[in-house]
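Q: The structure that follows is given in the form of structure tokens.
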Amino acid sequence: MAERDLRTRIQEGVFILDGAMGTQLIARGVEPGRCNDWLNVEMPAMVMEIHRAYFDAGSDAVIANTFGANRYALARHGCADKVFQINQAGAQVARKAAGDERYVLGDIGPTGDFLEPLGTLRVDDVREAYIEQVKGLVEGGVDGLIIETMTALDELEVAIDAARSAGGGLPVFASMSFDKGAGFRTMMGVDILTAVSKMVSLGVDAVGFNCGTASLDEYIDLSKACIAAAEPANAKVQLFAEPNAGKPELVDGEATYRVTPEEFAAACANIREAGIHILGGCCGTTPDHIRTMAQTLKR
């Protein structure tokens with residue numbers, strides 16, 4: 001796998017991730033609320049079409065369609081017994097789209113519940129659940145793992161521990177989701193300095209942010225804050241950013257993103273200028289957003 005050394009590649013200039021998966025599935029007729037992760041098994045051709053669209057747009061890596069493929073999230077769809085199968089299939093679909101030269105990240109999202117004592121989940125059970133997911137992703141052929149949209153430090157730490165212990169030495173990216181209030185904080189009140197310091201201390205290869213409810217200008221400010229938080233912690237850690245296509249608007253009961261590809265690319269150019277060279281998109285971003293961003297950043 002020397003030709004796909006992700007750990008080395010992310011240190012060598014601009015590295016483009018993909019954009020949203022869920023909204024692309026909906027655009028292809030998948031009903032909201034359906035188990036998107038099961039589509040890796042049931043409708044792999046549709047998932048592969050989305051991955052290929054992002055690669056055609058200029059992505060260096062795609063993120064497997066496994067964001068909700070842990071046993072807790074899958075249980076809400078009656079699929080808790082299919083964790084390994086779904087993750088392996090998701091990785092294999094993305095791997096086939098990527099070929100031998102481009103990269104695949106296995107996606108790990110939150111459980112959707114809280115660990116004790118705030119919630120009912122036990123640390124050991126959650127760790128086992130994430131290890132189960134990681135094993136399926138590794139077996140499917142991912143080049144690295146990305147832990148996304150985390151809001152609580154305790155769950156993030158368990159997920160990182162599982163990724164490092166069961167990931168066979170693959171690179172690990174870790175990301176939290178921040179909102180703008182009195183400073184940037186996650187839903188659980190974690191500030192940027194605390195989040196970045198914790199992720200760095202846990203030995204991940206890249207730290208960053210994704211999702212949230214910020215405007216494009218606020219994402220630029222968030223990027224600068226992440227850079228400032230990471231600078232004293234560890235000069236070797238990489239930073240990445242996956243902003244949404246701006247703040248969503250509720251139209252007929254559905255979240256609508258109005259940021260154009262050109263506006264998104266301009267914001268990402270500012271984020272790159274600030275010092276982050278690993279960029280992708282989260283909710284509302286499309287292959288057109290990624291294409292325009294890639295053309296702008298790689299120009």
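By convention here, the chains of the structure tokens are called A, B, ... in the order presented, each chain's residues are numbered starting at 1, and ligands are numbered starting at 1 in the order presented.
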Give the alpha helix (DSSP H) residues of range 56-183 of chain A, as DSSP finds them on the backbone, and put them as a VMD selection string.
A: chain A and resid 56 to 57 71 to 75 83 to 98 123 to 140 153 to 166
Q: Residues of range 31-99 of chain A that have any atom at most 8 Å from an atom of range 111-134 of chain A: could you tabulate them with the shortest-distance atom pair and the distance in Å to one decimal, using only C-alpha atoms, ordered by chain and increasing number, as a Markdown table?
A:
| residue | atom | partner | partner_atom | distance |
| --- | --- | --- | --- | --- |
| A:Gly68 | CA | A:Thr111 | CA | 7.6 |
| A:Ala69 | CA | A:Gln133 | CA | 6.9 |
| A:Asn70 | CA | A:Gln133 | CA | 5.9 |
| A:Arg71 | CA | A:Ala129 | CA | 6.1 |
| A:Tyr72 | CA | A:Thr111 | CA | 5.6 |
| A:Ala73 | CA | A:Thr111 | CA | 5.6 |
| A:Val83 | CA | A:Gln133 | CA | 6.2 |
| A:Phe84 | CA | A:Gln133 | CA | 6.1 |
| A:Asn87 | CA | A:Gln133 | CA | 6.3 |
Q: Write out as a PyMOL selection string which residues come within 7 Å of range 13-18 of chain A when counting only C-alpha atoms, dropping same-chain ones fewer than 3 positions away.
A: chain A and resi 10+54+59-63+277-281+290+294
Q: Give the answer as one residue: which of A:Met21, A:Ala53, A:Leu156, A:Val47 has the shortest atom-to-atom distance to Val204 in chain A, using only C-alpha atoms?
A: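 Looking at the shortest contact to Val204 in chain A, the residue is A:Leu156.
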Q: Return as a PDB file with N, CA and C atoms, in the first residue's frame the full set of residues in range 67-228 of chain A whose backbone-based DSSP assignment is strand (DSSP E or B).
A:
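So result.pdb came out as:
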ATOM      1  N   TYR A 103      -7.852   7.836  -2.077  1.00  0.00           N
ATOM      2  CA  TYR A 103      -7.948   7.429  -0.687  1.00  0.00           C
ATOM      3  C   TYR A 103      -9.392   7.284  -0.211  1.00  0.00           C
ATOM      4  N   VAL A 104      -9.549   6.436   0.807  1.00  0.00           N
ATOM      5  CA  VAL A 104     -10.847   6.208   1.438  1.00  0.00           C
ATOM      6  C   VAL A 104     -10.688   6.345   2.950  1.00  0.00           C
ATOM      7  N   LEU A 105     -11.567   7.120   3.554  1.00  0.00           N
ATOM      8  CA  LEU A 105     -11.626   7.248   5.007  1.00  0.00           C
ATOM      9  C   LEU A 105     -12.895   6.566   5.507  1.00  0.00           C
ATOM     10  N   GLY A 106     -12.751   5.735   6.509  1.00  0.00           N
ATOM     11  CA  GLY A 106     -13.913   5.105   7.125  1.00  0.00           C
ATOM     12  C   GLY A 106     -14.567   6.064   8.099  1.00  0.00           C
ATOM     13  N   ASP A 107     -15.848   6.302   7.938  1.00  0.00           N
ATOM     14  CA  ASP A 107     -16.557   7.329   8.705  1.00  0.00           C
ATOM     15  C   ASP A 107     -17.136   6.756   9.998  1.00  0.00           C
ATOM     16  N   ILE A 108     -16.860   7.425  11.113  1.00  0.00           N
ATOM     17  CA  ILE A 108     -17.348   7.013  12.427  1.00  0.00           C
ATOM     18  C   ILE A 108     -18.060   8.202  13.057  1.00  0.00           C
ATOM     19  N   LEU A 115     -22.950   8.937  27.361  1.00  0.00           N
ATOM     20  CA  LEU A 115     -22.332   7.996  28.287  1.00  0.00           C
ATOM     21  C   LEU A 115     -22.764   8.311  29.717  1.00  0.00           C
ATOM     22  N   LEU A 121     -25.309   4.903  28.503  1.00  0.00           N
ATOM     23  CA  LEU A 121     -24.307   4.066  27.844  1.00  0.00           C
ATOM     24  C   LEU A 121     -23.065   3.892  28.717  1.00  0.00           C
ATOM     25  N   GLY A 144      -7.727   5.107   6.132  1.00  0.00           N
ATOM     26  CA  GLY A 144      -7.700   5.843   7.381  1.00  0.00           C
ATOM     27  C   GLY A 144      -9.095   5.896   7.963  1.00  0.00           C
ATOM     28  N   LEU A 145      -9.210   6.461   9.148  1.00  0.00           N
ATOM     29  CA  LEU A 145     -10.486   6.557   9.854  1.00  0.00           C
ATOM     30  C   LEU A 145     -10.750   8.003  10.229  1.00  0.00           C
ATOM     31  N   ILE A 146     -12.008   8.442  10.098  1.00  0.00           N
ATOM     32  CA  ILE A 146     -12.365   9.796  10.454  1.00  0.00           C
ATOM     33  C   ILE A 146     -13.544   9.765  11.425  1.00  0.00           C
ATOM     34  N   ILE A 147     -13.344  10.339  12.587  1.00  0.00           N
ATOM     35  CA  ILE A 147     -14.364  10.406  13.628  1.00  0.00           C
ATOM     36  C   ILE A 147     -14.962  11.805  13.554  1.00  0.00           C
ATOM     37  N   GLU A 148     -16.256  11.900  13.255  1.00  0.00           N
ATOM     38  CA  GLU A 148     -16.864  13.187  12.911  1.00  0.00           C
ATOM     39  C   GLU A 148     -18.038  13.557  13.816  1.00  0.00           C
ATOM     40  N   THR A 149     -18.331  14.875  13.811  1.00  0.00           N
ATOM     41  CA  THR A 149     -19.554  15.429  14.395  1.00  0.00           C
ATOM     42  C   THR A 149     -19.700  15.086  15.879  1.00  0.00           C
ATOM     43  N   MET A 150     -18.596  14.933  16.569  1.00  0.00           N
ATOM     44  CA  MET A 150     -18.647  14.674  17.990  1.00  0.00           C
ATOM     45  C   MET A 150     -18.913  15.972  18.755  1.00  0.00           C
ATOM     46  N   VAL A 172      -5.703   8.396  11.910  1.00  0.00           N
ATOM     47  CA  VAL A 172      -6.994   8.726  12.513  1.00  0.00           C
ATOM     48  C   VAL A 172      -7.198  10.237  12.462  1.00  0.00           C
ATOM     49  N   PHE A 173      -8.324  10.661  11.877  1.00  0.00           N
ATOM     50  CA  PHE A 173      -8.762  12.051  11.898  1.00  0.00           C
ATOM     51  C   PHE A 173      -9.852  12.160  12.964  1.00  0.00           C
ATOM     52  N   ALA A 174      -9.888  13.279  13.691  1.00  0.00           N
ATOM     53  CA  ALA A 174     -10.927  13.478  14.701  1.00  0.00           C
ATOM     54  C   ALA A 174     -11.489  14.889  14.586  1.00  0.00           C
ATOM     55  N   SER A 175     -12.812  14.985  14.668  1.00  0.00           N
ATOM     56  CA  SER A 175     -13.484  16.248  14.414  1.00  0.00           C
ATOM     57  C   SER A 175     -14.637  16.457  15.379  1.00  0.00           C
ATOM     58  N   MET A 176     -14.810  17.698  15.810  1.00  0.00           N
ATOM     59  CA  MET A 176     -15.965  18.054  16.631  1.00  0.00           C
ATOM     60  C   MET A 176     -16.801  19.088  15.890  1.00  0.00           C
ATOM     61  N   ASP A 179     -20.743  25.338  17.323  1.00  0.00           N
ATOM     62  CA  ASP A 179     -21.714  26.380  16.999  1.00  0.00           C
ATOM     63  C   ASP A 179     -21.203  27.709  17.543  1.00  0.00           C
ATOM     64  N   LYS A 180     -21.661  28.792  16.947  1.00  0.00           N
ATOM     65  CA  LYS A 180     -21.214  30.129  17.338  1.00  0.00           C
ATOM     66  C   LYS A 180     -22.167  30.711  18.361  1.00  0.00           C
ATOM     67  N   GLY A 181     -21.645  31.001  19.513  1.00  0.00           N
ATOM     68  CA  GLY A 181     -22.413  31.706  20.534  1.00  0.00           C
ATOM     69  C   GLY A 181     -21.494  32.718  21.160  1.00  0.00           C
ATOM     70  N   GLY A 183     -18.402  32.751  21.743  1.00  0.00           N
ATOM     71  CA  GLY A 183     -17.278  31.910  21.356  1.00  0.00           C
ATOM     72  C   GLY A 183     -17.806  30.645  20.726  1.00  0.00           C
ATOM     73  N   PHE A 184     -16.930  29.843  20.172  1.00  0.00           N
ATOM     74  CA  PHE A 184     -17.338  28.593  19.536  1.00  0.00           C
ATOM     75  C   PHE A 184     -17.321  27.467  20.555  1.00  0.00           C
ATOM     76  N   ARG A 185     -18.440  26.747  20.638  1.00  0.00           N
ATOM     77  CA  ARG A 185     -18.542  25.604  21.550  1.00  0.00           C
ATOM     78  C   ARG A 185     -19.388  24.518  20.887  1.00  0.00           C
ATOM     79  N   ASP A 191     -15.232  23.953  24.450  1.00  0.00           N
ATOM     80  CA  ASP A 191     -14.649  25.045  23.680  1.00  0.00           C
ATOM     81  C   ASP A 191     -13.518  24.530  22.792  1.00  0.00           C
ATOM     82  N   ALA A 206      -4.836  14.024  12.574  1.00  0.00           N
ATOM     83  CA  ALA A 206      -5.415  15.288  12.124  1.00  0.00           C
ATOM     84  C   ALA A 206      -6.593  15.645  13.008  1.00  0.00           C
ATOM     85  N   VAL A 207      -6.718  16.924  13.338  1.00  0.00           N
ATOM     86  CA  VAL A 207      -7.837  17.408  14.136  1.00  0.00           C
ATOM     87  C   VAL A 207      -8.571  18.479  13.338  1.00  0.00           C
ATOM     88  N   GLY A 208      -9.877  18.587  13.566  1.00  0.00           N
ATOM     89  CA  GLY A 208     -10.614  19.566  12.801  1.00  0.00           C
ATOM     90  C   GLY A 208     -12.033  19.762  13.281  1.00  0.00           C
ATOM     91  N   PHE A 209     -12.835  20.341  12.387  1.00  0.00           N
ATOM     92  CA  PHE A 209     -14.243  20.574  12.680  1.00  0.00           C
ATOM     93  C   PHE A 209     -15.074  20.216  11.461  1.00  0.00           C
ATOM     94  N   ASN A 210     -16.319  19.877  11.713  1.00  0.00           N
ATOM     95  CA  ASN A 210     -17.271  19.662  10.617  1.00  0.00           C
ATOM     96  C   ASN A 210     -18.664  20.022  11.098  1.00  0.00           C
TER      97      ASN A 210
END
Q: What is the distance, in Å and to one decimal place, between CA of Thr292 in chain A and CA of Leu216 in chain A?
A: 15.5 Å
Q: Any idea what's packed within 12 Å of Ala20 in chain A, counting only C-alpha atoms, ignoring anything in its chain fewer than 6 positions away? Could you give it as a VMD selection string?
A: chain A and resid 26 to 27 47 50 to 51 53 to 54 62 to 65 67 210 to 211 242 to 245 257 280 to 290
Q: Those residues you just picked out, can you put them in a file as an mmCIF file, in the first residue's frame with C-alpha atoms?
A:
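Saved as result.cif:
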data_model
loop_
_atom_site.group_PDB
_atom_site.id
_atom_site.type_symbol
_atom_site.label_atom_id
_atom_site.label_comp_id
_atom_site.auth_asym_id
_atom_site.auth_seq_id
_atom_site.Cartn_x
_atom_site.Cartn_y
_atom_site.Cartn_z
ATOM 1 C CA ILE A 26 -31.982 12.267 -0.929
ATOM 2 C CA ALA A 27 -31.425 13.969 -4.282
ATOM 3 C CA VAL A 47 -23.503 4.993 -3.202
ATOM 4 C CA ILE A 50 -21.862 9.557 -5.391
ATOM 5 C CA HIS A 51 -18.291 8.617 -4.497
ATOM 6 C CA ALA A 53 -18.978 12.102 -8.611
ATOM 7 C CA TYR A 54 -16.778 13.516 -5.859
ATOM 8 C CA VAL A 62 -13.929 10.119 -0.130
ATOM 9 C CA ILE A 63 -15.509 9.272 3.195
ATOM 10 C CA ALA A 64 -17.309 5.931 3.319
ATOM 11 C CA ASN A 65 -21.072 5.933 3.818
ATOM 12 C CA PHE A 67 -21.450 7.690 9.553
ATOM 13 C CA ASN A 210 -17.271 19.662 10.617
ATOM 14 C CA CYS A 211 -20.952 20.508 10.438
ATOM 15 C CA GLU A 242 -15.367 20.450 6.631
ATOM 16 C CA PRO A 243 -17.780 23.398 6.734
ATOM 17 C CA ASN A 244 -21.412 23.153 5.750
ATOM 18 C CA ALA A 245 -22.679 25.103 2.764
ATOM 19 C CA TYR A 257 -28.581 25.394 1.767
ATOM 20 C CA GLY A 280 -13.898 19.167 2.374
ATOM 21 C CA GLY A 281 -17.565 19.907 2.809
ATOM 22 C CA CYS A 282 -20.313 18.763 5.127
ATOM 23 C CA CYS A 283 -24.088 19.245 4.979
ATOM 24 C CA GLY A 284 -25.456 20.841 1.829
ATOM 25 C CA THR A 285 -22.248 20.602 -0.184
ATOM 26 C CA THR A 286 -22.368 18.889 -3.555
ATOM 27 C CA PRO A 287 -19.880 17.725 -6.186
ATOM 28 C CA ASP A 288 -20.217 21.196 -7.722
ATOM 29 C CA HIS A 289 -19.094 22.796 -4.445
ATOM 30 C CA ILE A 290 -16.137 20.426 -4.228
#
Q: Here is a test: counting only C-alpha atoms, which residue of A:Asp37, A:Glu49, A:Asp5, A:Asp100 is nearest to Cys79 in chain A?
A: A:Asp37
Q: Show which residues sit within 8 Å of Val41 in chain A, as number ranges by chain. Count only C-alpha atoms, and ignore same-chain residues fewer than 6 positions away.
A: A: 85-86, 89-90
Q: Just how far from CA of Met187 in chain A is CA of Ala91 in chain A, in Å to one decimal?
A: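 CA of Met187 in chain A lies 29.4 Å from CA of Ala91 in chain A.
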Q: What does the distance between CA of Phe264 in chain A and CA of Leu250 in chain A come to in Å, to one decimal place?
A: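 CA of Leu250 in chain A lies at a distance of 19.6 Å from CA of Phe264 in chain A.
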Q: Can you tell me, as a count of residues only, what residues are no more than 8 Å from Met293 in chain A when counting only C-alpha atoms, ignoring any on the same chain fewer than 4 positions away?
A: 9
